[in-house]
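Next comes upload_20.txt, with compact mmCIF, C-alpha atoms.
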# COMPACT_ATOMS: atom_id res chain seq x y z
CA MET A 1 90.55 57.87 36.95
CA LYS A 2 89.34 58.55 40.49
CA ASP A 3 85.84 57.16 41.12
CA LYS A 4 85.41 56.09 37.47
CA ARG A 5 83.85 52.65 37.14
CA ILE A 6 85.51 50.21 34.78
CA LEU A 7 84.33 46.66 34.16
CA TYR A 8 87.01 44.27 32.89
CA VAL A 9 85.75 41.22 31.01
CA SER A 10 88.50 38.78 30.13
CA SER A 11 89.13 35.27 28.84
CA GLU A 12 92.02 34.84 31.28
CA VAL A 13 93.40 36.62 34.35
CA VAL A 14 96.45 35.95 36.53
CA PRO A 15 96.82 34.63 39.20
CA TYR A 16 93.96 32.25 38.36
CA LEU A 17 95.48 31.02 35.09
CA ALA A 18 98.98 30.81 33.64
CA GLU A 19 100.79 33.96 32.56
CA ASN A 20 100.40 35.06 28.96
CA GLU A 21 99.81 38.35 27.17
CA VAL A 22 96.05 38.38 27.82
CA SER A 23 96.09 37.15 31.42
CA LEU A 24 98.87 39.54 32.48
CA MET A 25 97.28 42.66 30.95
CA SER A 26 93.91 41.61 32.38
CA TYR A 27 95.55 41.95 35.79
CA ASP A 28 97.93 44.88 35.21
CA VAL A 29 95.39 47.27 33.68
CA PRO A 30 92.73 46.90 36.42
CA LYS A 31 95.46 47.18 39.07
CA MET A 32 96.64 50.43 37.48
CA VAL A 33 93.10 51.90 37.57
CA ASN A 34 92.57 50.60 41.10
CA ASP A 35 95.79 52.30 42.21
CA GLN A 36 94.53 55.56 40.66
CA GLY A 37 91.34 55.47 42.74
CA GLY A 38 89.03 54.01 40.11
CA GLN A 39 86.32 51.47 40.95
CA ILE A 40 86.77 48.19 39.14
CA ARG A 41 85.24 44.75 38.72
CA ILE A 42 86.78 41.85 36.81
CA PHE A 43 84.80 39.02 35.21
CA MET A 44 86.22 35.80 33.77
CA PRO A 45 84.98 32.24 33.16
CA ARG A 46 85.39 29.72 35.98
CA TYR A 47 87.31 27.08 34.05
CA GLY A 48 87.68 23.67 35.69
CA ASN A 49 91.46 24.04 35.95
CA ILE A 50 91.13 26.96 38.39
CA ASN A 51 91.86 25.73 41.91
CA GLU A 52 88.87 26.96 43.91
CA ARG A 53 90.31 26.05 47.30
CA ARG A 54 93.68 27.69 46.75
CA HIS A 55 92.13 30.88 45.37
CA GLN A 56 89.23 30.85 47.87
CA LEU A 57 86.40 31.04 45.38
CA HIS A 58 82.91 30.92 46.83
CA GLU A 59 79.49 30.95 45.26
CA VAL A 60 77.37 34.09 45.54
CA ILE A 61 73.92 32.61 46.08
CA ARG A 62 72.03 35.88 45.59
CA LEU A 63 73.56 36.30 42.11
CA SER A 64 73.30 32.67 41.02
CA GLY A 65 70.22 30.73 40.05
CA MET A 66 68.96 32.28 36.82
CA ASN A 67 68.93 30.40 33.53
CA LEU A 68 70.42 31.80 30.32
CA VAL A 69 69.21 30.61 26.93
CA VAL A 70 71.98 29.52 24.55
CA ASN A 71 71.11 27.78 21.28
CA ASP A 72 67.52 27.43 22.51
CA LEU A 73 68.58 25.58 25.69
CA ASP A 74 68.25 26.79 29.31
CA MET A 75 71.66 26.82 30.97
CA PRO A 76 71.95 27.55 34.73
CA LEU A 77 74.20 30.46 35.70
CA ILE A 78 76.44 30.10 38.75
CA ILE A 79 78.40 33.12 40.04
CA LYS A 80 81.51 32.73 42.17
CA VAL A 81 83.76 35.42 43.57
CA ALA A 82 87.29 35.75 44.93
CA SER A 83 89.69 38.54 45.83
CA ILE A 84 93.17 38.95 44.39
CA PRO A 85 95.49 38.81 47.41
CA LYS A 86 96.92 42.15 48.61
CA GLU A 87 95.11 44.13 45.89
CA ARG A 88 91.53 44.36 47.22
CA ILE A 89 90.33 43.56 43.72
CA GLN A 90 87.22 41.41 43.38
CA VAL A 91 86.99 38.90 40.56
CA TYR A 92 83.64 37.42 39.54
CA PHE A 93 83.58 34.01 37.86
CA ILE A 94 80.89 32.96 35.40
CA ASP A 95 80.26 29.24 35.87
CA ASN A 96 78.11 26.48 34.46
CA ASP A 97 78.73 22.75 34.86
CA GLU A 98 78.02 21.96 31.21
CA TYR A 99 80.38 24.60 29.81
CA PHE A 100 83.14 25.13 32.34
CA LYS A 101 83.63 22.05 34.52
CA ARG A 102 86.17 20.36 32.21
CA LYS A 103 89.77 20.60 33.42
CA ALA A 104 91.12 22.95 30.74
CA THR A 105 90.39 26.34 29.19
CA PHE A 106 89.81 26.24 25.42
CA ALA A 107 91.06 22.87 24.15
CA ASP A 108 91.35 19.21 25.20
CA GLU A 109 94.58 17.41 26.09
CA ASP A 110 95.26 16.83 22.38
CA GLY A 111 95.01 20.54 21.68
CA LYS A 112 91.67 20.21 19.88
CA LEU A 113 89.33 23.15 20.46
CA TYR A 114 86.19 22.30 22.41
CA PRO A 115 83.30 22.02 19.93
CA ASP A 116 81.06 24.22 22.09
CA ASN A 117 83.51 27.13 22.52
CA ASP A 118 81.09 29.35 20.59
CA GLU A 119 78.28 28.60 23.05
CA ARG A 120 80.65 29.10 25.98
CA ALA A 121 81.49 32.59 24.64
CA ILE A 122 77.79 33.45 24.24
CA PHE A 123 77.00 32.16 27.73
CA PHE A 124 79.91 34.13 29.20
CA ALA A 125 78.77 37.38 27.53
CA LYS A 126 75.19 37.01 28.71
CA GLY A 127 76.29 35.89 32.18
CA VAL A 128 78.45 38.99 32.66
CA VAL A 129 75.70 41.40 31.65
CA GLU A 130 72.99 39.69 33.71
CA THR A 131 75.24 39.66 36.78
CA VAL A 132 76.18 43.33 36.42
CA LYS A 133 72.45 44.11 36.14
CA LYS A 134 71.83 42.24 39.40
CA LEU A 135 74.69 44.11 41.07
CA ASN A 136 73.12 47.36 39.77
CA TRP A 137 76.66 48.57 39.16
CA VAL A 138 76.85 50.97 36.21
CA PRO A 139 80.25 50.93 34.47
CA ASP A 140 81.54 54.01 32.68
CA ILE A 141 83.69 51.74 30.51
CA ILE A 142 83.65 48.02 29.75
CA HIS A 143 87.12 46.82 28.70
CA VAL A 144 87.18 43.48 26.86
CA HIS A 145 90.24 41.18 26.70
CA GLY A 146 90.56 37.89 24.83
CA TRP A 147 88.40 36.03 22.31
CA MET A 148 86.28 34.14 24.88
CA ALA A 149 84.96 37.58 25.89
CA ALA A 150 84.54 38.72 22.29
CA MET A 151 80.76 38.30 22.07
CA LEU A 152 80.12 40.84 24.82
CA PRO A 153 80.27 43.95 22.57
CA VAL A 154 78.03 42.23 20.00
CA TYR A 155 75.40 41.38 22.61
CA MET A 156 75.63 44.81 24.23
CA LYS A 157 74.88 46.53 20.92
CA HIS A 158 71.98 44.24 19.97
CA PHE A 159 70.55 41.87 22.60
CA TYR A 160 70.96 44.44 25.41
CA LYS A 161 70.64 47.61 23.32
CA ASN A 162 67.57 48.83 25.25
CA GLU A 163 69.09 48.21 28.69
CA ALA A 164 68.94 51.64 30.34
CA LEU A 165 71.64 50.68 32.86
CA PHE A 166 74.28 50.79 30.09
CA SER A 167 72.99 53.74 28.09
CA ASP A 168 76.16 55.80 28.70
CA THR A 169 78.64 52.91 28.93
CA LYS A 170 81.51 52.83 26.41
CA ILE A 171 83.09 49.57 25.23
CA VAL A 172 86.85 49.36 24.71
CA THR A 173 88.35 46.17 23.26
CA SER A 174 92.00 45.15 23.51
CA VAL A 175 93.05 43.12 20.47
CA TYR A 176 95.76 40.49 20.90
CA GLY A 177 97.70 38.28 18.50
CA GLN A 178 96.05 35.12 17.16
CA SER A 179 95.41 32.62 19.95
CA PHE A 180 93.75 29.69 18.16
CA ASP A 181 93.84 28.05 14.75
CA GLY A 182 90.90 26.75 12.78
CA THR A 183 87.31 27.82 13.44
CA LEU A 184 84.68 27.56 16.12
CA ASP A 185 81.40 25.78 15.34
CA ILE A 186 80.24 26.78 11.85
CA GLU A 187 76.71 27.17 13.29
CA MET A 188 77.88 30.00 15.55
CA ILE A 189 76.29 32.71 13.41
CA ASN A 190 72.89 31.01 13.61
CA LYS A 191 73.12 30.73 17.40
CA VAL A 192 73.89 34.46 17.61
CA LYS A 193 71.07 35.30 15.17
CA MET A 194 68.70 33.30 17.38
CA ASP A 195 69.22 36.11 19.94
CA GLY A 196 68.00 38.76 17.52
CA VAL A 197 71.39 39.84 16.19
CA PRO A 198 70.92 40.70 12.49
CA GLN A 199 72.87 38.73 9.88
CA GLU A 200 74.53 41.83 8.41
CA ALA A 201 75.94 42.80 11.83
CA VAL A 202 77.84 39.53 12.20
CA ASP A 203 78.24 38.36 8.62
CA MET A 204 81.90 37.56 9.18
CA LEU A 205 80.91 34.90 11.74
CA SER A 206 79.89 32.72 8.78
CA THR A 207 83.53 31.63 9.07
CA PRO A 208 84.17 31.93 12.82
CA ASP A 209 87.97 31.91 12.86
CA TYR A 210 90.01 34.04 15.25
CA GLU A 211 90.31 37.09 12.98
CA ASN A 212 86.63 37.16 12.02
CA ILE A 213 85.51 36.88 15.64
CA ILE A 214 87.78 39.79 16.58
CA LYS A 215 86.55 41.83 13.60
CA ALA A 216 82.96 41.39 14.83
CA THR A 217 84.10 42.57 18.26
CA VAL A 218 85.88 45.63 16.85
CA MET A 219 82.80 46.56 14.79
CA HIS A 220 80.66 46.58 17.94
CA SER A 221 83.16 48.40 20.20
CA ASP A 222 83.41 52.14 20.76
CA ALA A 223 87.22 52.13 20.79
CA VAL A 224 90.07 49.68 20.31
CA ILE A 225 93.49 49.11 21.88
CA VAL A 226 96.15 47.24 19.92
CA ALA A 227 97.54 45.10 22.74
CA SER A 228 100.08 42.96 20.86
CA SER A 229 103.14 43.84 18.81
CA ASN A 230 102.53 40.80 16.59
CA LEU A 231 99.05 41.58 15.26
CA SER A 232 98.50 40.33 11.71
CA SER A 233 98.61 42.95 8.95
CA SER A 234 94.99 42.20 7.97
CA LEU A 235 93.69 42.72 11.51
CA THR A 236 95.82 45.85 11.94
CA LYS A 237 94.43 47.28 8.70
CA PHE A 238 90.87 46.42 9.74
CA ILE A 239 91.30 48.35 13.00
CA GLU A 240 92.95 51.32 11.29
CA THR A 241 90.14 51.60 8.71
CA SER A 242 87.27 50.81 11.11
CA GLY A 243 86.58 54.44 11.94
CA LYS A 244 86.91 53.60 15.65
CA PRO A 245 89.27 55.55 17.92
CA PHE A 246 92.25 53.28 18.50
CA LEU A 247 95.41 53.24 20.56
CA PRO A 248 98.44 51.79 18.74
CA TYR A 249 100.56 49.21 20.53
CA VAL A 250 102.33 50.51 23.62
CA PRO A 251 105.04 48.38 25.33
CA LYS A 252 104.04 47.02 28.71
CA ASP A 253 106.49 49.22 30.62
CA ALA A 254 104.81 52.35 29.23
CA PHE A 255 101.13 51.40 29.04
CA ALA A 256 99.83 53.11 32.22
CA ASP A 257 99.76 56.74 31.01
CA ALA A 258 98.69 55.78 27.49
CA TYR A 259 95.76 53.67 28.70
CA SER A 260 94.67 56.27 31.29
CA ASN A 261 94.65 59.02 28.68
CA PHE A 262 92.79 56.82 26.21
CA TYR A 263 90.14 56.04 28.81
CA LYS A 264 89.73 59.74 29.59
CA GLU A 265 89.06 60.46 25.91
CA MET A 266 86.21 57.94 26.08
CA LEU A 267 84.56 59.50 29.15

Turn the structure described in the file into structure tokens.
Amino acid sequence: MKDKRILYVSSEVVPYLAENEVSLMSYDVPKMVNDQGGQIRIFMPRYGNINERRHQLHEVIRLSGMNLVVNDLDMPLIIKVASIPKERIQVYFIDNDEYFKRKATFADEDGKLYPDNDERAIFFAKGVVETVKKLNWVPDIIHVHGWMAAMLPVYMKHFYKNEALFSDTKIVTSVYGQSFDGTLDIEMINKVKMDGVPQEAVDMLSTPDYENIIKATVMHSDAVIVASSNLSSSLTKFIETSGKPFLPYVPKDAFADAYSNFYKEML
């Protein structure tokens, strides 16, 4: 993987959020590539429960300041950055006071999903791409983790399809077990269509539950990694019949070689 550029886009990353399947792999996989001499960047949302002082986040003025349109509204983009201690790995945080200031990740203190989670996912996807454009950093692979990052492949294949910077970039998505119940805002599909994404490309978002969001992501990815041992049978079957190259589940203690080889097949 020496000198290969891989962009990691994740809902959650340790040490900034609590340990779970997504946040741990979103740290372990980039670290593995970094140790092999690859060039990496990690992007995640700057949720309000991330301690900025402890983790030494600071705003990058030259990258901040643009507005992104979500659901026909201008939303200011703020970019912050920090380094994972001892690893020399930079993490970029997509921030916006309206979407990410609240003191939790996906749900309120009663466990109820935030009603604007769909818009937060759209804003995050656009914010990542616009920031990478400003950095003028061309990734060989974009590796997506977690449902909050799930709109990135959709937007890459439609909204940003003519962006020359990413003409040779491959998108790999890691699929994890179900992480929320119920659905996001039922108007999600119309907000995505407002950005020029055709109805037939995201038809499943008419019911934006966890599985349908992930199916839309898989459809717009170049390859898929099954990252959980407890994936539902319907999602497993969808991946197996998608026609996309996929890596079956590999236990964490054996993932390094499997992931490296899978990446190399993409390049």

### Task
Work out how far apart atom CA of Tyr16 of chain A and atom CA of Asn96 of chain A are and give it in Å to one decimal.
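Distance between the two atoms: 17.3 Å.
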
### Message
For a quick check of understanding, using all atoms listed in the file, which of A:Gly182, A:Tyr99, A:Thr207, A:Met1 has the smallest distance to Glu265 of chain A?
### Response
A:Met1

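In terms of minimum interatomic distance to Met188 of chain A, A:Asp118 ranks closest within A:Asp74, A:Lys133, A:Gly243, A:Asp118, counting all atoms listed in the file.
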
Using only C-alpha atoms - which residues lie no farther than 10 Å from the point (93.6, 43.3, 35.7) in the file's frame? Write them as a PDB file with C-alpha atoms, keeping the file's coordinate frame.
ATOM      1  CA  LEU A   7      84.330  46.660  34.160  1.00  0.00           C
ATOM      2  CA  TYR A   8      87.010  44.270  32.890  1.00  0.00           C
ATOM      3  CA  VAL A   9      85.750  41.220  31.010  1.00  0.00           C
ATOM      4  CA  SER A  10      88.500  38.780  30.130  1.00  0.00           C
ATOM      5  CA  GLU A  12      92.020  34.840  31.280  1.00  0.00           C
ATOM      6  CA  VAL A  13      93.400  36.620  34.350  1.00  0.00           C
ATOM      7  CA  VAL A  14      96.450  35.950  36.530  1.00  0.00           C
ATOM      8  CA  PRO A  15      96.820  34.630  39.200  1.00  0.00           C
ATOM      9  CA  VAL A  22      96.050  38.380  27.820  1.00  0.00           C
ATOM     10  CA  SER A  23      96.090  37.150  31.420  1.00  0.00           C
ATOM     11  CA  LEU A  24      98.870  39.540  32.480  1.00  0.00           C
ATOM     12  CA  MET A  25      97.280  42.660  30.950  1.00  0.00           C
ATOM     13  CA  SER A  26      93.910  41.610  32.380  1.00  0.00           C
ATOM     14  CA  TYR A  27      95.550  41.950  35.790  1.00  0.00           C
ATOM     15  CA  ASP A  28      97.930  44.880  35.210  1.00  0.00           C
ATOM     16  CA  VAL A  29      95.390  47.270  33.680  1.00  0.00           C
ATOM     17  CA  PRO A  30      92.730  46.900  36.420  1.00  0.00           C
ATOM     18  CA  LYS A  31      95.460  47.180  39.070  1.00  0.00           C
ATOM     19  CA  MET A  32      96.640  50.430  37.480  1.00  0.00           C
ATOM     20  CA  VAL A  33      93.100  51.900  37.570  1.00  0.00           C
ATOM     21  CA  ASN A  34      92.570  50.600  41.100  1.00  0.00           C
ATOM     22  CA  ILE A  40      86.770  48.190  39.140  1.00  0.00           C
ATOM     23  CA  ARG A  41      85.240  44.750  38.720  1.00  0.00           C
ATOM     24  CA  ILE A  42      86.780  41.850  36.810  1.00  0.00           C
ATOM     25  CA  PHE A  43      84.800  39.020  35.210  1.00  0.00           C
ATOM     26  CA  ILE A  84      93.170  38.950  44.390  1.00  0.00           C
ATOM     27  CA  ILE A  89      90.330  43.560  43.720  1.00  0.00           C
ATOM     28  CA  VAL A  91      86.990  38.900  40.560  1.00  0.00           C
ATOM     29  CA  HIS A 145      90.240  41.180  26.700  1.00  0.00           C
TER      30      HIS A 145
END

### Task
List the neighbours of Ala258 of chain A out to 12 Å using only C-alpha atoms; skip same-chain residues closer than 3 positions along the sequence, and give me the result as a list in words.
Val29, Met32, Ile225, Val226, Ala227, Phe246, Leu247, Pro248, Tyr249, Val250, Pro251, Lys252, Asp253, Ala254, Phe255, Asn261, Phe262, Tyr263, Lys264 and Glu265 of chain A

Padding 8 Å on every side, please: axis-aligned box over the listed atoms of segment 187-190 of chain A, centre and edge lengths to one decimal in Å, as lines of an AutoDock Vina configuration file.
center_x = 75.4
center_y = 29.9
center_z = 14.4
size_x = 21.0
size_y = 21.5
size_z = 18.3

Anything within 9 Å of (67.0, 41.1, 18.8): list those residues as a short mmCIF file (atom, residue, chain, number, x, y, z; two decimals) with C-alpha atoms, keeping the file's coordinate frame, counting all atoms listed in the file and sticking to the file's coordinates.
data_model
loop_
_atom_site.label_atom_id
_atom_site.label_comp_id
_atom_site.auth_asym_id
_atom_site.auth_seq_id
_atom_site.Cartn_x
_atom_site.Cartn_y
_atom_site.Cartn_z
CA HIS A 158 71.98 44.24 19.97
CA PHE A 159 70.55 41.87 22.60
CA TYR A 160 70.96 44.44 25.41
CA LYS A 161 70.64 47.61 23.32
CA LYS A 193 71.07 35.30 15.17
CA MET A 194 68.70 33.30 17.38
CA ASP A 195 69.22 36.11 19.94
CA GLY A 196 68.00 38.76 17.52
CA VAL A 197 71.39 39.84 16.19
CA PRO A 198 70.92 40.70 12.49
#

Using the structure block above, produce a file of segment 96-109 of chain A that contains all heavy atoms, as a PDB file, in the first residue's frame.
ATOM      1  N   ASN A  96     -21.051  22.010  11.670  1.00  0.00           N
ATOM      2  CA  ASN A  96     -22.056  23.026  11.394  1.00  0.00           C
ATOM      3  C   ASN A  96     -22.895  23.165  12.660  1.00  0.00           C
ATOM      4  O   ASN A  96     -23.336  22.159  13.214  1.00  0.00           O
ATOM      5  CB  ASN A  96     -22.930  22.604  10.200  1.00  0.00           C
ATOM      6  CG  ASN A  96     -24.144  23.497  10.026  1.00  0.00           C
ATOM      7  OD1 ASN A  96     -25.194  23.251  10.616  1.00  0.00           O
ATOM      8  ND2 ASN A  96     -24.009  24.538   9.221  1.00  0.00           N
ATOM      9  N   ASP A  97     -23.087  24.383  13.126  1.00  0.00           N
ATOM     10  CA  ASP A  97     -23.784  24.589  14.403  1.00  0.00           C
ATOM     11  C   ASP A  97     -25.197  24.022  14.401  1.00  0.00           C
ATOM     12  O   ASP A  97     -25.660  23.454  15.399  1.00  0.00           O
ATOM     13  CB  ASP A  97     -23.829  26.080  14.745  1.00  0.00           C
ATOM     14  CG  ASP A  97     -22.476  26.604  15.225  1.00  0.00           C
ATOM     15  OD1 ASP A  97     -21.587  25.769  15.493  1.00  0.00           O
ATOM     16  OD2 ASP A  97     -22.310  27.837  15.309  1.00  0.00           O
ATOM     17  N   GLU A  98     -25.885  24.151  13.289  1.00  0.00           N
ATOM     18  CA  GLU A  98     -27.275  23.689  13.200  1.00  0.00           C
ATOM     19  C   GLU A  98     -27.364  22.169  13.300  1.00  0.00           C
ATOM     20  O   GLU A  98     -28.241  21.623  13.959  1.00  0.00           O
ATOM     21  CB  GLU A  98     -27.879  24.153  11.872  1.00  0.00           C
ATOM     22  CG  GLU A  98     -29.353  23.821  11.690  1.00  0.00           C
ATOM     23  CD  GLU A  98     -30.271  24.696  12.530  1.00  0.00           C
ATOM     24  OE1 GLU A  98     -29.876  25.832  12.879  1.00  0.00           O
ATOM     25  OE2 GLU A  98     -31.381  24.229  12.842  1.00  0.00           O
ATOM     26  N   TYR A  99     -26.423  21.468  12.671  1.00  0.00           N
ATOM     27  CA  TYR A  99     -26.506  20.016  12.575  1.00  0.00           C
ATOM     28  C   TYR A  99     -25.731  19.256  13.650  1.00  0.00           C
ATOM     29  O   TYR A  99     -26.105  18.144  14.020  1.00  0.00           O
ATOM     30  CB  TYR A  99     -26.003  19.551  11.202  1.00  0.00           C
ATOM     31  CG  TYR A  99     -26.934  19.872  10.056  1.00  0.00           C
ATOM     32  CD1 TYR A  99     -26.434  20.346   8.842  1.00  0.00           C
ATOM     33  CD2 TYR A  99     -28.313  19.694  10.172  1.00  0.00           C
ATOM     34  CE1 TYR A  99     -27.281  20.628   7.774  1.00  0.00           C
ATOM     35  CE2 TYR A  99     -29.163  19.978   9.123  1.00  0.00           C
ATOM     36  CZ  TYR A  99     -28.652  20.444   7.924  1.00  0.00           C
ATOM     37  OH  TYR A  99     -29.488  20.725   6.869  1.00  0.00           O
ATOM     38  N   PHE A 100     -24.634  19.823  14.131  1.00  0.00           N
ATOM     39  CA  PHE A 100     -23.735  19.002  14.946  1.00  0.00           C
ATOM     40  C   PHE A 100     -23.409  19.560  16.334  1.00  0.00           C
ATOM     41  O   PHE A 100     -22.596  18.965  17.039  1.00  0.00           O
ATOM     42  CB  PHE A 100     -22.437  18.733  14.171  1.00  0.00           C
ATOM     43  CG  PHE A 100     -22.657  17.902  12.938  1.00  0.00           C
ATOM     44  CD1 PHE A 100     -22.468  18.434  11.681  1.00  0.00           C
ATOM     45  CD2 PHE A 100     -23.068  16.586  13.044  1.00  0.00           C
ATOM     46  CE1 PHE A 100     -22.685  17.673  10.531  1.00  0.00           C
ATOM     47  CE2 PHE A 100     -23.291  15.802  11.908  1.00  0.00           C
ATOM     48  CZ  PHE A 100     -23.101  16.355  10.652  1.00  0.00           C
ATOM     49  N   LYS A 101     -24.044  20.650  16.734  1.00  0.00           N
ATOM     50  CA  LYS A 101     -23.687  21.217  18.039  1.00  0.00           C
ATOM     51  C   LYS A 101     -24.289  20.431  19.206  1.00  0.00           C
ATOM     52  O   LYS A 101     -23.729  20.408  20.296  1.00  0.00           O
ATOM     53  CB  LYS A 101     -24.141  22.676  18.118  1.00  0.00           C
ATOM     54  CG  LYS A 101     -23.476  23.441  19.253  1.00  0.00           C
ATOM     55  CD  LYS A 101     -23.490  24.933  19.014  1.00  0.00           C
ATOM     56  CE  LYS A 101     -22.571  25.632  20.004  1.00  0.00           C
ATOM     57  NZ  LYS A 101     -22.441  27.065  19.738  1.00  0.00           N
ATOM     58  N   ARG A 102     -25.439  19.794  18.999  1.00  0.00           N
ATOM     59  CA  ARG A 102     -26.118  19.062  20.072  1.00  0.00           C
ATOM     60  C   ARG A 102     -25.190  18.017  20.701  1.00  0.00           C
ATOM     61  O   ARG A 102     -24.324  17.469  20.029  1.00  0.00           O
ATOM     62  CB  ARG A 102     -27.389  18.418  19.521  1.00  0.00           C
ATOM     63  CG  ARG A 102     -27.133  17.422  18.415  1.00  0.00           C
ATOM     64  CD  ARG A 102     -28.333  17.212  17.498  1.00  0.00           C
ATOM     65  NE  ARG A 102     -28.549  18.318  16.580  1.00  0.00           N
ATOM     66  CZ  ARG A 102     -29.291  18.230  15.485  1.00  0.00           C
ATOM     67  NH1 ARG A 102     -29.897  17.111  15.178  1.00  0.00           N
ATOM     68  NH2 ARG A 102     -29.446  19.278  14.697  1.00  0.00           N
ATOM     69  N   LYS A 103     -25.411  17.732  21.974  1.00  0.00           N
ATOM     70  CA  LYS A 103     -24.447  16.945  22.745  1.00  0.00           C
ATOM     71  C   LYS A 103     -24.651  15.425  22.628  1.00  0.00           C
ATOM     72  O   LYS A 103     -24.602  14.698  23.623  1.00  0.00           O
ATOM     73  CB  LYS A 103     -24.513  17.354  24.220  1.00  0.00           C
ATOM     74  CG  LYS A 103     -24.078  18.789  24.478  1.00  0.00           C
ATOM     75  CD  LYS A 103     -22.591  18.965  24.219  1.00  0.00           C
ATOM     76  CE  LYS A 103     -22.121  20.373  24.566  1.00  0.00           C
ATOM     77  NZ  LYS A 103     -20.706  20.586  24.237  1.00  0.00           N
ATOM     78  N   ALA A 104     -24.889  14.956  21.433  1.00  0.00           N
ATOM     79  CA  ALA A 104     -25.025  13.513  21.200  1.00  0.00           C
ATOM     80  C   ALA A 104     -24.773  13.247  19.725  1.00  0.00           C
ATOM     81  O   ALA A 104     -24.619  14.189  18.944  1.00  0.00           O
ATOM     82  CB  ALA A 104     -26.407  13.028  21.618  1.00  0.00           C
ATOM     83  N   THR A 105     -24.747  11.974  19.344  1.00  0.00           N
ATOM     84  CA  THR A 105     -24.431  11.632  17.957  1.00  0.00           C
ATOM     85  C   THR A 105     -25.690  11.550  17.091  1.00  0.00           C
ATOM     86  O   THR A 105     -25.957  12.439  16.285  1.00  0.00           O
ATOM     87  CB  THR A 105     -23.653  10.305  17.893  1.00  0.00           C
ATOM     88  OG1 THR A 105     -24.336   9.324  18.675  1.00  0.00           O
ATOM     89  CG2 THR A 105     -22.244  10.487  18.407  1.00  0.00           C
ATOM     90  N   PHE A 106     -26.490  10.496  17.271  1.00  0.00           N
ATOM     91  CA  PHE A 106     -27.601  10.240  16.349  1.00  0.00           C
ATOM     92  C   PHE A 106     -28.984  10.404  16.970  1.00  0.00           C
ATOM     93  O   PHE A 106     -29.972  10.504  16.252  1.00  0.00           O
ATOM     94  CB  PHE A 106     -27.508   8.819  15.782  1.00  0.00           C
ATOM     95  CG  PHE A 106     -26.126   8.453  15.305  1.00  0.00           C
ATOM     96  CD1 PHE A 106     -25.472   7.337  15.790  1.00  0.00           C
ATOM     97  CD2 PHE A 106     -25.480   9.240  14.366  1.00  0.00           C
ATOM     98  CE1 PHE A 106     -24.205   7.005  15.349  1.00  0.00           C
ATOM     99  CE2 PHE A 106     -24.214   8.917  13.912  1.00  0.00           C
ATOM    100  CZ  PHE A 106     -23.565   7.795  14.409  1.00  0.00           C
ATOM    101  N   ALA A 107     -29.064  10.372  18.301  1.00  0.00           N
ATOM    102  CA  ALA A 107     -30.370  10.354  18.971  1.00  0.00           C
ATOM    103  C   ALA A 107     -30.320  11.192  20.242  1.00  0.00           C
ATOM    104  O   ALA A 107     -29.249  11.442  20.799  1.00  0.00           O
ATOM    105  CB  ALA A 107     -30.763   8.909  19.302  1.00  0.00           C
ATOM    106  N   ASP A 108     -31.517  11.625  20.709  1.00  0.00           N
ATOM    107  CA  ASP A 108     -31.583  12.437  21.928  1.00  0.00           C
ATOM    108  C   ASP A 108     -31.478  11.549  23.165  1.00  0.00           C
ATOM    109  O   ASP A 108     -31.300  10.328  23.062  1.00  0.00           O
ATOM    110  CB  ASP A 108     -32.854  13.299  21.944  1.00  0.00           C
ATOM    111  CG  ASP A 108     -34.138  12.466  21.956  1.00  0.00           C
ATOM    112  OD1 ASP A 108     -34.094  11.278  22.350  1.00  0.00           O
ATOM    113  OD2 ASP A 108     -35.200  13.015  21.569  1.00  0.00           O
ATOM    114  N   GLU A 109     -31.613  12.169  24.328  1.00  0.00           N
ATOM    115  CA  GLU A 109     -31.409  11.420  25.584  1.00  0.00           C
ATOM    116  C   GLU A 109     -32.460  10.332  25.804  1.00  0.00           C
ATOM    117  O   GLU A 109     -32.255   9.407  26.598  1.00  0.00           O
ATOM    118  CB  GLU A 109     -31.411  12.388  26.767  1.00  0.00           C
ATOM    119  CG  GLU A 109     -32.667  13.223  26.878  1.00  0.00           C
ATOM    120  CD  GLU A 109     -32.518  14.362  27.872  1.00  0.00           C
ATOM    121  OE1 GLU A 109     -31.382  14.714  28.231  1.00  0.00           O
ATOM    122  OE2 GLU A 109     -33.566  14.892  28.274  1.00  0.00           O
TER     123      GLU A 109
END
